[in-house]
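Report on the following structure.
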Amino acid sequence: MSDREPTVIHTGGSGGWAVAVILLITIIAGGFLLFEGGYLGGRDVNIDVSLPKVEAPPPTTK
(Lines give C-alpha, C1' and ligand atoms only; values in the text may rest on other atoms or scores of the structure.)
Protein backbone atom coordinates (compact mmCIF):
# COMPACT_ATOMS: atom_id res chain seq x y z
CA MET A 1 0.00 0.00 0.00
CA SER A 2 2.93 2.37 0.49
CA ASP A 3 3.69 2.26 -3.26
CA ARG A 4 0.46 4.02 -4.17
CA GLU A 5 0.64 7.70 -5.00
CA PRO A 6 -1.92 10.12 -3.62
CA THR A 7 -4.93 10.76 -5.79
CA VAL A 8 -5.35 14.40 -6.81
CA ILE A 9 -8.82 15.57 -7.69
CA HIS A 10 -9.11 18.71 -9.79
CA THR A 11 -12.41 20.56 -9.69
CA GLY A 12 -13.70 23.52 -11.65
CA GLY A 13 -13.45 26.97 -10.15
CA SER A 14 -17.04 28.03 -10.85
CA GLY A 15 -18.11 27.62 -7.22
CA GLY A 16 -16.15 30.69 -6.15
CA TRP A 17 -17.80 32.80 -8.82
CA ALA A 18 -21.25 31.66 -7.72
CA VAL A 19 -20.53 32.64 -4.13
CA ALA A 20 -19.14 36.01 -5.23
CA VAL A 21 -22.21 36.77 -7.37
CA ILE A 22 -24.63 35.77 -4.59
CA LEU A 23 -22.68 37.87 -2.10
CA LEU A 24 -22.69 40.87 -4.44
CA ILE A 25 -26.44 40.61 -5.00
CA THR A 26 -27.01 40.34 -1.26
CA ILE A 27 -24.89 43.42 -0.55
CA ILE A 28 -26.67 45.46 -3.24
CA ALA A 29 -30.13 44.40 -2.04
CA GLY A 30 -29.22 45.08 1.59
CA GLY A 31 -27.87 48.51 0.73
CA PHE A 32 -31.01 49.33 -1.22
CA LEU A 33 -33.22 48.27 1.69
CA LEU A 34 -31.16 50.32 4.14
CA PHE A 35 -31.26 53.33 1.83
CA GLU A 36 -35.01 53.09 1.35
CA GLY A 37 -35.50 52.64 5.09
CA GLY A 38 -33.67 55.90 5.76
CA TYR A 39 -30.69 54.34 7.51
CA LEU A 40 -28.17 55.52 4.92
CA GLY A 41 -29.23 59.13 4.72
CA GLY A 42 -32.17 58.68 2.38
CA ARG A 43 -34.57 61.53 2.92
CA ASP A 44 -37.98 62.24 1.49
CA VAL A 45 -37.51 65.17 -0.85
CA ASN A 46 -40.50 66.77 -2.49
CA ILE A 47 -39.81 69.04 -5.41
CA ASP A 48 -42.74 71.10 -6.60
CA VAL A 49 -42.43 72.63 -10.01
CA SER A 50 -44.92 75.33 -10.98
CA LEU A 51 -45.21 76.08 -14.66
CA PRO A 52 -47.03 79.14 -15.95
CA LYS A 53 -50.30 78.42 -17.65
CA VAL A 54 -49.82 78.96 -21.37
CA GLU A 55 -52.88 79.10 -23.54
CA ALA A 56 -52.68 78.52 -27.25
CA PRO A 57 -53.54 81.53 -29.39
CA PRO A 58 -56.97 81.39 -30.98
CA PRO A 59 -57.06 79.91 -34.46
CA THR A 60 -57.02 82.43 -37.25
CA THR A 61 -59.99 82.31 -39.61
CA LYS A 62 -59.75 83.26 -43.27
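Residue names in the C-alpha coordinates use chain letters A, B, ... in the order shown, residue numbers from 1 in each chain, and ligand numbers from 1 in the order shown.
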
Which residues, written as a PyMOL selection string, have at least one atom at most 12 Å from range 42-59 of chain A, with only C-alpha atoms counted and residues fewer than 5 positions away on the same chain left out?
chain A and resi 31-37

Restrict the selected residues to all heavy atoms and save them as a PDB file, in the first residue's frame.
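The resulting selection29.pdb:
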ATOM      1  N   GLY A  31     -28.099  47.067   0.790  1.00  0.00           N
ATOM      2  CA  GLY A  31     -27.875  48.506   0.728  1.00  0.00           C
ATOM      3  C   GLY A  31     -29.096  49.258   0.248  1.00  0.00           C
ATOM      4  O   GLY A  31     -29.430  50.323   0.762  1.00  0.00           O
ATOM      5  N   PHE A  32     -29.782  48.693  -0.725  1.00  0.00           N
ATOM      6  CA  PHE A  32     -31.006  49.330  -1.221  1.00  0.00           C
ATOM      7  C   PHE A  32     -32.071  49.384  -0.130  1.00  0.00           C
ATOM      8  O   PHE A  32     -32.729  50.411   0.053  1.00  0.00           O
ATOM      9  CB  PHE A  32     -31.534  48.580  -2.444  1.00  0.00           C
ATOM     10  CG  PHE A  32     -32.811  49.140  -2.987  1.00  0.00           C
ATOM     11  CD1 PHE A  32     -32.809  50.331  -3.690  1.00  0.00           C
ATOM     12  CD2 PHE A  32     -34.014  48.495  -2.793  1.00  0.00           C
ATOM     13  CE1 PHE A  32     -33.985  50.866  -4.194  1.00  0.00           C
ATOM     14  CE2 PHE A  32     -35.198  49.013  -3.284  1.00  0.00           C
ATOM     15  CZ  PHE A  32     -35.177  50.202  -3.985  1.00  0.00           C
ATOM     16  N   LEU A  33     -32.222  48.293   0.612  1.00  0.00           N
ATOM     17  CA  LEU A  33     -33.220  48.273   1.685  1.00  0.00           C
ATOM     18  C   LEU A  33     -32.852  49.263   2.793  1.00  0.00           C
ATOM     19  O   LEU A  33     -33.720  49.941   3.339  1.00  0.00           O
ATOM     20  CB  LEU A  33     -33.357  46.862   2.254  1.00  0.00           C
ATOM     21  CG  LEU A  33     -34.032  45.852   1.330  1.00  0.00           C
ATOM     22  CD1 LEU A  33     -33.998  44.467   1.948  1.00  0.00           C
ATOM     23  CD2 LEU A  33     -35.460  46.258   1.036  1.00  0.00           C
ATOM     24  N   LEU A  34     -31.576  49.356   3.125  1.00  0.00           N
ATOM     25  CA  LEU A  34     -31.155  50.323   4.137  1.00  0.00           C
ATOM     26  C   LEU A  34     -31.361  51.749   3.651  1.00  0.00           C
ATOM     27  O   LEU A  34     -31.781  52.622   4.412  1.00  0.00           O
ATOM     28  CB  LEU A  34     -29.684  50.098   4.501  1.00  0.00           C
ATOM     29  CG  LEU A  34     -29.389  48.869   5.345  1.00  0.00           C
ATOM     30  CD1 LEU A  34     -27.889  48.698   5.502  1.00  0.00           C
ATOM     31  CD2 LEU A  34     -30.063  48.956   6.693  1.00  0.00           C
ATOM     32  N   PHE A  35     -31.078  51.995   2.378  1.00  0.00           N
ATOM     33  CA  PHE A  35     -31.263  53.331   1.827  1.00  0.00           C
ATOM     34  C   PHE A  35     -32.733  53.723   1.825  1.00  0.00           C
ATOM     35  O   PHE A  35     -33.099  54.833   2.202  1.00  0.00           O
ATOM     36  CB  PHE A  35     -30.692  53.402   0.416  1.00  0.00           C
ATOM     37  CG  PHE A  35     -30.806  54.760  -0.206  1.00  0.00           C
ATOM     38  CD1 PHE A  35     -29.941  55.761   0.157  1.00  0.00           C
ATOM     39  CD2 PHE A  35     -31.782  55.027  -1.148  1.00  0.00           C
ATOM     40  CE1 PHE A  35     -30.040  57.027  -0.406  1.00  0.00           C
ATOM     41  CE2 PHE A  35     -31.898  56.277  -1.719  1.00  0.00           C
ATOM     42  CZ  PHE A  35     -31.019  57.277  -1.343  1.00  0.00           C
ATOM     43  N   GLU A  36     -33.578  52.802   1.394  1.00  0.00           N
ATOM     44  CA  GLU A  36     -35.012  53.089   1.351  1.00  0.00           C
ATOM     45  C   GLU A  36     -35.592  53.222   2.754  1.00  0.00           C
ATOM     46  O   GLU A  36     -36.573  53.929   2.956  1.00  0.00           O
ATOM     47  CB  GLU A  36     -35.758  51.996   0.577  1.00  0.00           C
ATOM     48  CG  GLU A  36     -35.526  52.052  -0.910  1.00  0.00           C
ATOM     49  CD  GLU A  36     -36.077  53.321  -1.537  1.00  0.00           C
ATOM     50  OE1 GLU A  36     -37.190  53.722  -1.183  1.00  0.00           O
ATOM     51  OE2 GLU A  36     -35.379  53.904  -2.372  1.00  0.00           O
ATOM     52  N   GLY A  37     -35.021  52.535   3.720  1.00  0.00           N
ATOM     53  CA  GLY A  37     -35.496  52.636   5.094  1.00  0.00           C
ATOM     54  C   GLY A  37     -35.029  53.897   5.791  1.00  0.00           C
ATOM     55  O   GLY A  37     -35.450  54.187   6.907  1.00  0.00           O
TER      56      GLY A  37
END

Apply DSSP to the backbone of this structure and, from chain A, keep only the residues in helix (DSSP H, G or I); write these as a PyMOL selection string.
chain A and resi 14-37

Let's have the selection written as a PDB file, in the first residue's frame, with N, CA and C atoms.
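For reference, again-v8.pdb as written:
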ATOM      1  N   SER A  14     -15.821  27.238 -10.698  1.00  0.00           N
ATOM      2  CA  SER A  14     -17.039  28.026 -10.854  1.00  0.00           C
ATOM      3  C   SER A  14     -17.754  28.235  -9.525  1.00  0.00           C
ATOM      4  N   GLY A  15     -17.446  27.458  -8.511  1.00  0.00           N
ATOM      5  CA  GLY A  15     -18.109  27.620  -7.216  1.00  0.00           C
ATOM      6  C   GLY A  15     -17.776  28.948  -6.571  1.00  0.00           C
ATOM      7  N   GLY A  16     -16.544  29.398  -6.713  1.00  0.00           N
ATOM      8  CA  GLY A  16     -16.153  30.687  -6.153  1.00  0.00           C
ATOM      9  C   GLY A  16     -16.874  31.843  -6.805  1.00  0.00           C
ATOM     10  N   TRP A  17     -17.069  31.749  -8.105  1.00  0.00           N
ATOM     11  CA  TRP A  17     -17.803  32.802  -8.817  1.00  0.00           C
ATOM     12  C   TRP A  17     -19.250  32.857  -8.365  1.00  0.00           C
ATOM     13  N   ALA A  18     -19.853  31.691  -8.155  1.00  0.00           N
ATOM     14  CA  ALA A  18     -21.253  31.661  -7.718  1.00  0.00           C
ATOM     15  C   ALA A  18     -21.396  32.321  -6.349  1.00  0.00           C
ATOM     16  N   VAL A  19     -20.479  32.030  -5.463  1.00  0.00           N
ATOM     17  CA  VAL A  19     -20.530  32.641  -4.129  1.00  0.00           C
ATOM     18  C   VAL A  19     -20.318  34.144  -4.232  1.00  0.00           C
ATOM     19  N   ALA A  20     -19.402  34.580  -5.073  1.00  0.00           N
ATOM     20  CA  ALA A  20     -19.141  36.013  -5.234  1.00  0.00           C
ATOM     21  C   ALA A  20     -20.357  36.738  -5.795  1.00  0.00           C
ATOM     22  N   VAL A  21     -21.024  36.140  -6.769  1.00  0.00           N
ATOM     23  CA  VAL A  21     -22.213  36.770  -7.370  1.00  0.00           C
ATOM     24  C   VAL A  21     -23.343  36.844  -6.349  1.00  0.00           C
ATOM     25  N   ILE A  22     -23.570  35.772  -5.607  1.00  0.00           N
ATOM     26  CA  ILE A  22     -24.633  35.769  -4.594  1.00  0.00           C
ATOM     27  C   ILE A  22     -24.325  36.801  -3.510  1.00  0.00           C
ATOM     28  N   LEU A  23     -23.066  36.892  -3.111  1.00  0.00           N
ATOM     29  CA  LEU A  23     -22.679  37.872  -2.100  1.00  0.00           C
ATOM     30  C   LEU A  23     -22.868  39.296  -2.613  1.00  0.00           C
ATOM     31  N   LEU A  24     -22.519  39.537  -3.858  1.00  0.00           N
ATOM     32  CA  LEU A  24     -22.687  40.866  -4.444  1.00  0.00           C
ATOM     33  C   LEU A  24     -24.162  41.254  -4.515  1.00  0.00           C
ATOM     34  N   ILE A  25     -25.006  40.337  -4.933  1.00  0.00           N
ATOM     35  CA  ILE A  25     -26.444  40.612  -5.001  1.00  0.00           C
ATOM     36  C   ILE A  25     -27.003  40.888  -3.612  1.00  0.00           C
ATOM     37  N   THR A  26     -26.546  40.138  -2.622  1.00  0.00           N
ATOM     38  CA  THR A  26     -27.014  40.336  -1.259  1.00  0.00           C
ATOM     39  C   THR A  26     -26.595  41.714  -0.731  1.00  0.00           C
ATOM     40  N   ILE A  27     -25.372  42.112  -1.013  1.00  0.00           N
ATOM     41  CA  ILE A  27     -24.894  43.418  -0.554  1.00  0.00           C
ATOM     42  C   ILE A  27     -25.675  44.547  -1.221  1.00  0.00           C
ATOM     43  N   ILE A  28     -25.924  44.421  -2.522  1.00  0.00           N
ATOM     44  CA  ILE A  28     -26.670  45.463  -3.235  1.00  0.00           C
ATOM     45  C   ILE A  28     -28.104  45.547  -2.720  1.00  0.00           C
ATOM     46  N   ALA A  29     -28.747  44.401  -2.539  1.00  0.00           N
ATOM     47  CA  ALA A  29     -30.129  44.396  -2.043  1.00  0.00           C
ATOM     48  C   ALA A  29     -30.191  44.941  -0.621  1.00  0.00           C
ATOM     49  N   GLY A  30     -29.241  44.574   0.226  1.00  0.00           N
ATOM     50  CA  GLY A  30     -29.224  45.079   1.590  1.00  0.00           C
ATOM     51  C   GLY A  30     -29.002  46.580   1.635  1.00  0.00           C
ATOM     52  N   GLY A  31     -28.099  47.067   0.790  1.00  0.00           N
ATOM     53  CA  GLY A  31     -27.875  48.506   0.728  1.00  0.00           C
ATOM     54  C   GLY A  31     -29.096  49.258   0.248  1.00  0.00           C
ATOM     55  N   PHE A  32     -29.782  48.693  -0.725  1.00  0.00           N
ATOM     56  CA  PHE A  32     -31.006  49.330  -1.221  1.00  0.00           C
ATOM     57  C   PHE A  32     -32.071  49.384  -0.130  1.00  0.00           C
ATOM     58  N   LEU A  33     -32.222  48.293   0.612  1.00  0.00           N
ATOM     59  CA  LEU A  33     -33.220  48.273   1.685  1.00  0.00           C
ATOM     60  C   LEU A  33     -32.852  49.263   2.793  1.00  0.00           C
ATOM     61  N   LEU A  34     -31.576  49.356   3.125  1.00  0.00           N
ATOM     62  CA  LEU A  34     -31.155  50.323   4.137  1.00  0.00           C
ATOM     63  C   LEU A  34     -31.361  51.749   3.651  1.00  0.00           C
ATOM     64  N   PHE A  35     -31.078  51.995   2.378  1.00  0.00           N
ATOM     65  CA  PHE A  35     -31.263  53.331   1.827  1.00  0.00           C
ATOM     66  C   PHE A  35     -32.733  53.723   1.825  1.00  0.00           C
ATOM     67  N   GLU A  36     -33.578  52.802   1.394  1.00  0.00           N
ATOM     68  CA  GLU A  36     -35.012  53.089   1.351  1.00  0.00           C
ATOM     69  C   GLU A  36     -35.592  53.222   2.754  1.00  0.00           C
ATOM     70  N   GLY A  37     -35.021  52.535   3.720  1.00  0.00           N
ATOM     71  CA  GLY A  37     -35.496  52.636   5.094  1.00  0.00           C
ATOM     72  C   GLY A  37     -35.029  53.897   5.791  1.00  0.00           C
TER      73      GLY A  37
END
